[in-house]
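For reference, the structure is listed below as structure tokens.
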Amino acid sequence: MDTNLPVTSQPRIVIIGCGFAGLRLAKDLADSPVQVVVIDRNNYHNFQPLLYQVATGALEADSIAYPIRKIFAGQTNFFFRMADVQRVDAERNTVVTNIGDIRYDHLVIATGSITNYFGLESLERNAMQIKSVPNALNLRSYLFQNFERALLAEDPAQRQALMNVVVVGGGPTGVEICGSLAEMRKDVLPQDYPELDLKKMEIYLVESGGEVLGPMSVDSQVKAKKYLEDMGIHLRLNTKATRLEEGKLYYSETEFIRTENVIWAAGVNGAAVAGLPEEVVAKNKRINVDTVNRVTGFKNVYAIGDVANMVTEEMPRGYPMLAPVAIQQAEQLANNFKRLLHGEALMPFKYFNKGSMAIVGRNRAVVDLPGDKHFGGFFGWLTWLFVHLMTLVGFRNKAVTLISWAISYFSSDKALRLIIRPYKRNDFKDDKGKNTAQHNASTPQYNPSVPTPTAPVVGG
């Protein structure tokens with residue numbers, strides 16, 4: 001199949017994935033004498049830090065997603081192809097996709113990350129994740145479906161399991177969705193389900209480490225822990241989830257939490273593409289790169305963002321899988337491509353840490369800034385809102401999100417509790433892992449029961 005890309009004498013830079021890294025790189029190359037080709041399995045860029053708000057009904061999906069073609073409207077050297085990447089054929093300088101082969105002069109892998117279940121098959125089959133817009137919509141439907149089921153349950157234990165929610169993972173995603181769920185329990189669910197005793201609904205945060213927000217400062221960890229406890233979240237620190245069976249999440253051979261709602265936010269792997277030599281892919285599926293983000297052993301293949309494993313003396317475990325790292329690597333690689341066009345030496349990547357933050361709930365957030373500066377509370381909450389609002393793509397998305405936040409703040413209501421397309425998870429519940437590859441590939445799709453290609457998910 002011909003992808004109908006125009007033939008040009010200019011170097012062609014193919015970018016796999018239009019997440020934070022791929023998007024910034026393509027935009028920064030707008031004025032360069034190169035042909036930029038972006039490949040992604042979705043026709044939109046999504047703002048992953050706000051996926052949890054889609055999952056809990058605070059925002060609609062189109063508030064955090066923006067069409068790729070609209071983002072690059074007017075950029076004459078830009079071309080987009082919606083496709084599943086099947087493998088990289090480095091010997092032929094070609095990306096093999098489900099719509100045909102795409103030749104490149106320079107290849108940039110910006111595929112982001114995928115969920116890491118650490119080999120726990122029952123959790124991989126049955127827990128919910130939040131890595132894409134469809135994941136978030138599935139989770140939203142599933143939660144409200146279970147409350148509808150709870151209304152009909154005659155067995156008190158089953159009713160309790162349908163109402164309880166367990167979030168596994170105490171990083172920013174886990175903390176943020178716990179806070180959002182606690183606010184739903186307080187302000188939203190009692191209005192919709194007056195027949196249920198929502199005081200019995202329990203929300204648990206299970207974390208294998210000894211604190212929440214492990215990468216952040218001790219000050220922020222202590223504040224976040226207090227915020228969560230004040231909101232009625234049950235913290236299970238130094239606790240490892242081991243399996244999920246028959247509405248029970250086990251954290252030892254005999255101890256369990258009764259729940260039908262388990263949200264997995266405990267870990268990620270890099271989304272390495274097929275076709276690269278095994279020795280360049282680390283155990284966590286990130287691609288080993290040098291200090292200019294060039295894949296080890298290659299001259300014209302690069303990796304940036306979450307999928308890139310850049311090990312240095314300062315970062316012996318690689319740079320963290322964060323949006324600021326991805327964006328800065330993209331900016332540096334764009335500058336290096338311009339230097340390459342002028343025959344100049346490439347400059348190594350240096351990360352500037354602008355700080356980190358996490359929101360727990362209304363008027364509750366924590367912020368770490370360089371120079372050992374920390375703050376939280378209302379001011380931290382405002383800072384979090386401002387930074388995330390400004391980072392959204394498109395004026396419409398910024399405006400709609402701001403209005404939605406304002407309405408939610410003053411009314412304590414989340415109006416988007418819609419079950420538009422019911423979610424069924426039993427397609428993979430009893431297959432004993434036989435369809436794991438299909439399950440992994442189906443997570444970005446709207447209906448997991450529909451077979452989809454098993455190519456890696458792109459767009460991180």
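Naming works like this for the structure tokens: A, B, ... for the chains as they're shown, residue 1 at the start of each chain, ligands 1 onward in shown order.
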- Message: Need to verify the contact set: A:Ala224, 10 Å, only C-alpha atoms, exclusion of same-chain residues closer than 6 positions in sequence. Can you return it as a ChimeraX atom specification?
- Response: /A:172,175-176,179,211-213,218,230,358-361,364-366,376-377
Per-residue nearest contacts of stretch 94-133 of chain A to stretch 1-24 of chain A (7 Å; only C-alpha atoms) as CSV:
residue,atom,partner,partner_atom,distance
A:Ile99,CA,A:Met1,CA,5.9
A:Gly100,CA,A:Met1,CA,4.8
A:Tyr104,CA,A:Arg12,CA,5.4
A:Asp105,CA,A:Arg12,CA,5.2
A:His106,CA,A:Ile13,CA,4.8
A:Leu107,CA,A:Val14,CA,4.9
A:Val108,CA,A:Ile15,CA,4.7
A:Ile109,CA,A:Ile16,CA,5.0
A:Ala110,CA,A:Gly17,CA,5.0
A:Thr111,CA,A:Gly17,CA,4.8
Restricting the output to N, CA and C atoms, write the selected residues as a PDB file, in the first residue's frame.
ATOM      1  N   ILE A  99      -0.378   0.436   6.976  1.00  0.00           N
ATOM      2  CA  ILE A  99      -0.825   1.104   5.752  1.00  0.00           C
ATOM      3  C   ILE A  99       0.268   1.139   4.689  1.00  0.00           C
ATOM      4  N   GLY A 100       1.420   0.558   4.978  1.00  0.00           N
ATOM      5  CA  GLY A 100       2.511   0.535   4.021  1.00  0.00           C
ATOM      6  C   GLY A 100       3.831   0.933   4.661  1.00  0.00           C
ATOM      7  N   TYR A 104      12.691   6.632   5.692  1.00  0.00           N
ATOM      8  CA  TYR A 104      13.178   7.775   6.463  1.00  0.00           C
ATOM      9  C   TYR A 104      14.656   8.002   6.204  1.00  0.00           C
ATOM     10  N   ASP A 105      15.075   9.259   6.387  1.00  0.00           N
ATOM     11  CA  ASP A 105      16.500   9.589   6.470  1.00  0.00           C
ATOM     12  C   ASP A 105      16.936   9.615   7.929  1.00  0.00           C
ATOM     13  N   HIS A 106      16.038  10.116   8.766  1.00  0.00           N
ATOM     14  CA  HIS A 106      16.248  10.098  10.210  1.00  0.00           C
ATOM     15  C   HIS A 106      14.956   9.618  10.863  1.00  0.00           C
ATOM     16  N   LEU A 107      15.082   8.726  11.833  1.00  0.00           N
ATOM     17  CA  LEU A 107      13.910   8.199  12.532  1.00  0.00           C
ATOM     18  C   LEU A 107      13.975   8.606  14.004  1.00  0.00           C
ATOM     19  N   VAL A 108      12.839   9.073  14.521  1.00  0.00           N
ATOM     20  CA  VAL A 108      12.736   9.438  15.930  1.00  0.00           C
ATOM     21  C   VAL A 108      11.609   8.628  16.558  1.00  0.00           C
ATOM     22  N   ILE A 109      11.941   7.833  17.549  1.00  0.00           N
ATOM     23  CA  ILE A 109      10.947   7.016  18.249  1.00  0.00           C
ATOM     24  C   ILE A 109      10.497   7.774  19.492  1.00  0.00           C
ATOM     25  N   ALA A 110       9.227   8.145  19.507  1.00  0.00           N
ATOM     26  CA  ALA A 110       8.664   8.903  20.628  1.00  0.00           C
ATOM     27  C   ALA A 110       7.362   8.243  21.063  1.00  0.00           C
ATOM     28  N   THR A 111       7.435   6.945  21.287  1.00  0.00           N
ATOM     29  CA  THR A 111       6.231   6.134  21.522  1.00  0.00           C
ATOM     30  C   THR A 111       5.734   6.157  22.958  1.00  0.00           C
TER      31      THR A 111
END
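Taking only stretch 50-133 of chain A, the residues that DSSP calls alpha helix (DSSP H) from the backbone come to Leu51, Tyr52, Gln53, Val54, Ala55, Ile68, Arg69, Lys70, Ile71, Glu121, Ser122, Leu123, Glu124, Arg125, Asn126 and Val133 of chain A.
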Using only C-alpha atoms, please write the residues we just selected to a file, as a tab-separated table (two decimals), in the first residue's frame.
chain	number	residue	atom	x	y	z
A	51	LEU	CA	-6.91	11.64	31.99
A	52	TYR	CA	-7.96	10.92	35.57
A	53	GLN	CA	-10.41	13.83	35.40
A	54	VAL	CA	-12.02	12.30	32.32
A	55	ALA	CA	-12.24	9.00	34.19
A	68	ILE	CA	-3.13	16.40	15.20
A	69	ARG	CA	-3.88	17.83	11.77
A	70	LYS	CA	-5.39	20.96	13.34
A	71	ILE	CA	-2.34	21.46	15.56
A	121	GLU	CA	-1.41	-11.75	35.29
A	122	SER	CA	-4.67	-11.57	37.23
A	123	LEU	CA	-4.22	-7.82	37.70
A	124	GLU	CA	-3.24	-7.37	34.07
A	125	ARG	CA	-6.45	-9.11	33.00
A	126	ASN	CA	-8.85	-7.53	35.47
A	133	VAL	CA	-8.54	8.56	26.42
- List the neighbours of A:Asp372 out to 10 Å using only C-alpha atoms; skip same-chain residues closer than 5 positions along the sequence, and give me the result as a VMD selection string. chain A and resid 217 219 355
Distance table requested - stretch 106-157 of chain A against stretch 187-207 of chain A, cut-off 10 Å, only C-alpha atoms: one row per qualifying residue with the closest atom pair and its distance in Å to one decimal, ordered by chain and rising residue number, as CSV.
residue,atom,partner,partner_atom,distance
A:Phe144,CA,A:Leu189,CA,9.5
A:Phe147,CA,A:Tyr193,CA,8.0
A:Glu148,CA,A:Tyr193,CA,8.5
A:Ala150,CA,A:Leu196,CA,7.9
A:Leu151,CA,A:Leu196,CA,6.8
- Task: Give the answer as one residue: which of A:Ala26, A:Ala241, A:Ala282, A:Leu389 has the shortest atom-to-atom distance to A:Ile403, using only C-alpha atoms?
- Result: A:Leu389
- as a PyMOL selection string, please: all residues of stretch 128-359 of chain A that backbone DSSP puts in strand (DSSP E). chain A and resi 165-168+203-206+234-236+243-245+248-250+256-258+261-264+268-270+287-289+301-303+308-310+356-359
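When atom CA of A:Arg41 is paired with atom CA of A:Ser132, their separation reads 11.8 Å.
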- Write out as an MDAnalysis selection string which residues come within 12 Å of A:Trp405 when counting only C-alpha atoms, dropping same-chain ones fewer than 2 positions away. chainID A and resid 50 53 57:60 63 361:362 382 385:386 388:389 397:403 407:415
Go ahead and save the picked residues with C-alpha atoms, as a PDB file, in the first residue's frame.
ATOM      1  CA  LEU A  50      -5.687  15.096  33.042  1.00  0.00           C
ATOM      2  CA  GLN A  53     -10.410  13.834  35.395  1.00  0.00           C
ATOM      3  CA  GLY A  57     -16.396  12.792  35.117  1.00  0.00           C
ATOM      4  CA  ALA A  58     -14.773  16.173  35.786  1.00  0.00           C
ATOM      5  CA  LEU A  59     -13.840  16.747  32.131  1.00  0.00           C
ATOM      6  CA  GLU A  60     -15.050  15.457  28.804  1.00  0.00           C
ATOM      7  CA  SER A  63     -11.303  18.886  26.564  1.00  0.00           C
ATOM      8  CA  GLY A 361      -8.255  17.682  45.730  1.00  0.00           C
ATOM      9  CA  ARG A 362      -9.950  21.048  45.913  1.00  0.00           C
ATOM     10  CA  LEU A 382      -3.755  27.372  42.028  1.00  0.00           C
ATOM     11  CA  LEU A 385      -4.296  24.542  37.801  1.00  0.00           C
ATOM     12  CA  PHE A 386      -2.401  27.336  36.044  1.00  0.00           C
ATOM     13  CA  HIS A 388      -1.794  22.418  33.490  1.00  0.00           C
ATOM     14  CA  LEU A 389      -4.198  24.875  31.891  1.00  0.00           C
ATOM     15  CA  ASN A 397      -9.479  23.230  25.248  1.00  0.00           C
ATOM     16  CA  LYS A 398      -8.079  25.812  27.656  1.00  0.00           C
ATOM     17  CA  ALA A 399     -11.392  27.712  27.745  1.00  0.00           C
ATOM     18  CA  VAL A 400     -13.606  24.630  28.128  1.00  0.00           C
ATOM     19  CA  THR A 401     -11.381  23.170  30.840  1.00  0.00           C
ATOM     20  CA  LEU A 402     -11.292  26.456  32.767  1.00  0.00           C
ATOM     21  CA  ILE A 403     -15.081  26.764  32.637  1.00  0.00           C
ATOM     22  CA  ILE A 407     -18.345  25.129  37.630  1.00  0.00           C
ATOM     23  CA  SER A 408     -17.034  22.139  39.582  1.00  0.00           C
ATOM     24  CA  TYR A 409     -15.368  24.383  42.152  1.00  0.00           C
ATOM     25  CA  PHE A 410     -18.408  26.509  42.932  1.00  0.00           C
ATOM     26  CA  SER A 411     -21.064  23.797  42.571  1.00  0.00           C
ATOM     27  CA  SER A 412     -19.081  20.766  43.853  1.00  0.00           C
ATOM     28  CA  ASP A 413     -20.636  18.815  40.996  1.00  0.00           C
ATOM     29  CA  LYS A 414     -19.302  16.734  38.103  1.00  0.00           C
ATOM     30  CA  ALA A 415     -21.902  16.549  35.390  1.00  0.00           C
TER      31      ALA A 415
END
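Put simply, atom CA of A:Asn135 is 19.3 Å away from atom CA of A:Thr259.
Neighbouring residues of A:Leu181 at 8 Å or closer, counting only C-alpha atoms and skipping chain neighbours under 3 positions away, are Thr56, Ile177, Cys178, Met184, Arg185 and Ile203 of chain A.
Neighbours of A:Val273 closer than or equal to 8 Å, with only C-alpha atoms counted and sequence neighbours fewer than 5 positions away skipped, come out as Val85, Gln86, Arg87, Val88, Thr111 and Pro456 of chain A.
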Any chance you can output those residues with all heavy atoms as a compact mmCIF listing (two decimals), in the first residue's frame?
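Output below, filename selection-v5.txt:
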# COMPACT_ATOMS: atom_id res chain seq x y z
N VAL A 85 2.29 1.13 13.87
CA VAL A 85 3.67 0.77 13.54
C VAL A 85 3.88 -0.70 13.91
O VAL A 85 3.66 -1.09 15.06
CB VAL A 85 4.67 1.67 14.28
CG1 VAL A 85 6.09 1.16 14.08
CG2 VAL A 85 4.54 3.10 13.80
N GLN A 86 4.30 -1.48 12.94
CA GLN A 86 4.52 -2.91 13.17
C GLN A 86 5.96 -3.23 13.53
O GLN A 86 6.23 -4.03 14.40
CB GLN A 86 4.06 -3.69 11.94
CG GLN A 86 2.55 -3.53 11.71
CD GLN A 86 2.09 -4.12 10.39
OE1 GLN A 86 2.90 -4.37 9.49
NE2 GLN A 86 0.78 -4.35 10.26
N ARG A 87 6.91 -2.56 12.85
CA ARG A 87 8.32 -2.76 13.18
C ARG A 87 9.16 -1.74 12.43
O ARG A 87 8.70 -1.07 11.50
CB ARG A 87 8.78 -4.17 12.81
CG ARG A 87 8.67 -4.52 11.34
CD ARG A 87 9.00 -5.98 11.08
NE ARG A 87 8.77 -6.34 9.69
CZ ARG A 87 9.68 -6.22 8.73
NH1 ARG A 87 10.90 -5.77 9.02
NH2 ARG A 87 9.40 -6.57 7.49
N VAL A 88 10.40 -1.63 12.88
CA VAL A 88 11.38 -0.79 12.22
C VAL A 88 12.35 -1.69 11.46
O VAL A 88 12.88 -2.65 12.02
CB VAL A 88 12.15 0.07 13.23
CG1 VAL A 88 13.32 0.79 12.56
CG2 VAL A 88 11.22 1.07 13.90
N THR A 111 7.44 6.95 21.29
CA THR A 111 6.23 6.13 21.52
C THR A 111 5.73 6.16 22.96
O THR A 111 4.71 5.56 23.28
CB THR A 111 6.50 4.68 21.11
OG1 THR A 111 7.78 4.28 21.61
CG2 THR A 111 6.51 4.53 19.61
N PRO A 456 2.73 -2.06 18.73
CA PRO A 456 2.89 -1.25 19.92
C PRO A 456 2.02 0.00 19.88
O PRO A 456 1.78 0.56 18.81
CB PRO A 456 4.38 -0.88 19.91
CG PRO A 456 5.02 -1.90 19.03
CD PRO A 456 3.99 -2.28 18.02
List as a tab-separated table (two decimals) with all heavy atoms, in the first residue's frame the protein and nucleic acid residues near A:Gln328, meaning an atom at most 7 Å away when only C-alpha atoms are counted, but skip any in the same chain fewer than 4 places from it.
chain	number	residue	atom	x	y	z
A	324	PRO	N	8.10	17.09	31.24
A	324	PRO	CA	9.15	18.09	31.03
A	324	PRO	C	10.42	17.51	30.42
A	324	PRO	O	11.07	18.17	29.60
A	324	PRO	CB	9.41	18.63	32.45
A	324	PRO	CG	8.13	18.42	33.18
A	324	PRO	CD	7.62	17.12	32.65
A	332	GLN	N	15.88	19.87	22.35
A	332	GLN	CA	17.31	19.71	22.10
A	332	GLN	C	17.57	18.95	20.80
A	332	GLN	O	18.47	19.29	20.04
A	332	GLN	CB	17.96	18.97	23.27
A	332	GLN	CG	19.46	18.74	23.14
A	332	GLN	CD	20.25	20.03	23.10
A	332	GLN	OE1	19.78	21.06	23.59
A	332	GLN	NE2	21.42	20.00	22.48
A	351	TYR	N	19.22	18.30	31.28
A	351	TYR	CA	17.86	18.52	31.77
A	351	TYR	C	17.83	19.62	32.81
A	351	TYR	O	18.63	19.63	33.76
A	351	TYR	CB	17.33	17.22	32.38
A	351	TYR	CG	15.98	17.34	33.03
A	351	TYR	CD1	14.89	17.86	32.33
A	351	TYR	CD2	15.78	16.93	34.34
A	351	TYR	CE1	13.64	17.96	32.91
A	351	TYR	CE2	14.53	17.03	34.94
A	351	TYR	CZ	13.47	17.54	34.23
A	351	TYR	OH	12.23	17.65	34.82
- Which residue of A:Ala265, A:Leu25, A:Ala61, A:Leu276 approaches A:Ile130 most closely, using only C-alpha atoms: A:Ala265
- Between A:Asp28, A:Glu278, A:Glu91, A:Glu246, which has the minimum distance to A:Phe298 (counting only C-alpha atoms)? A:Glu91
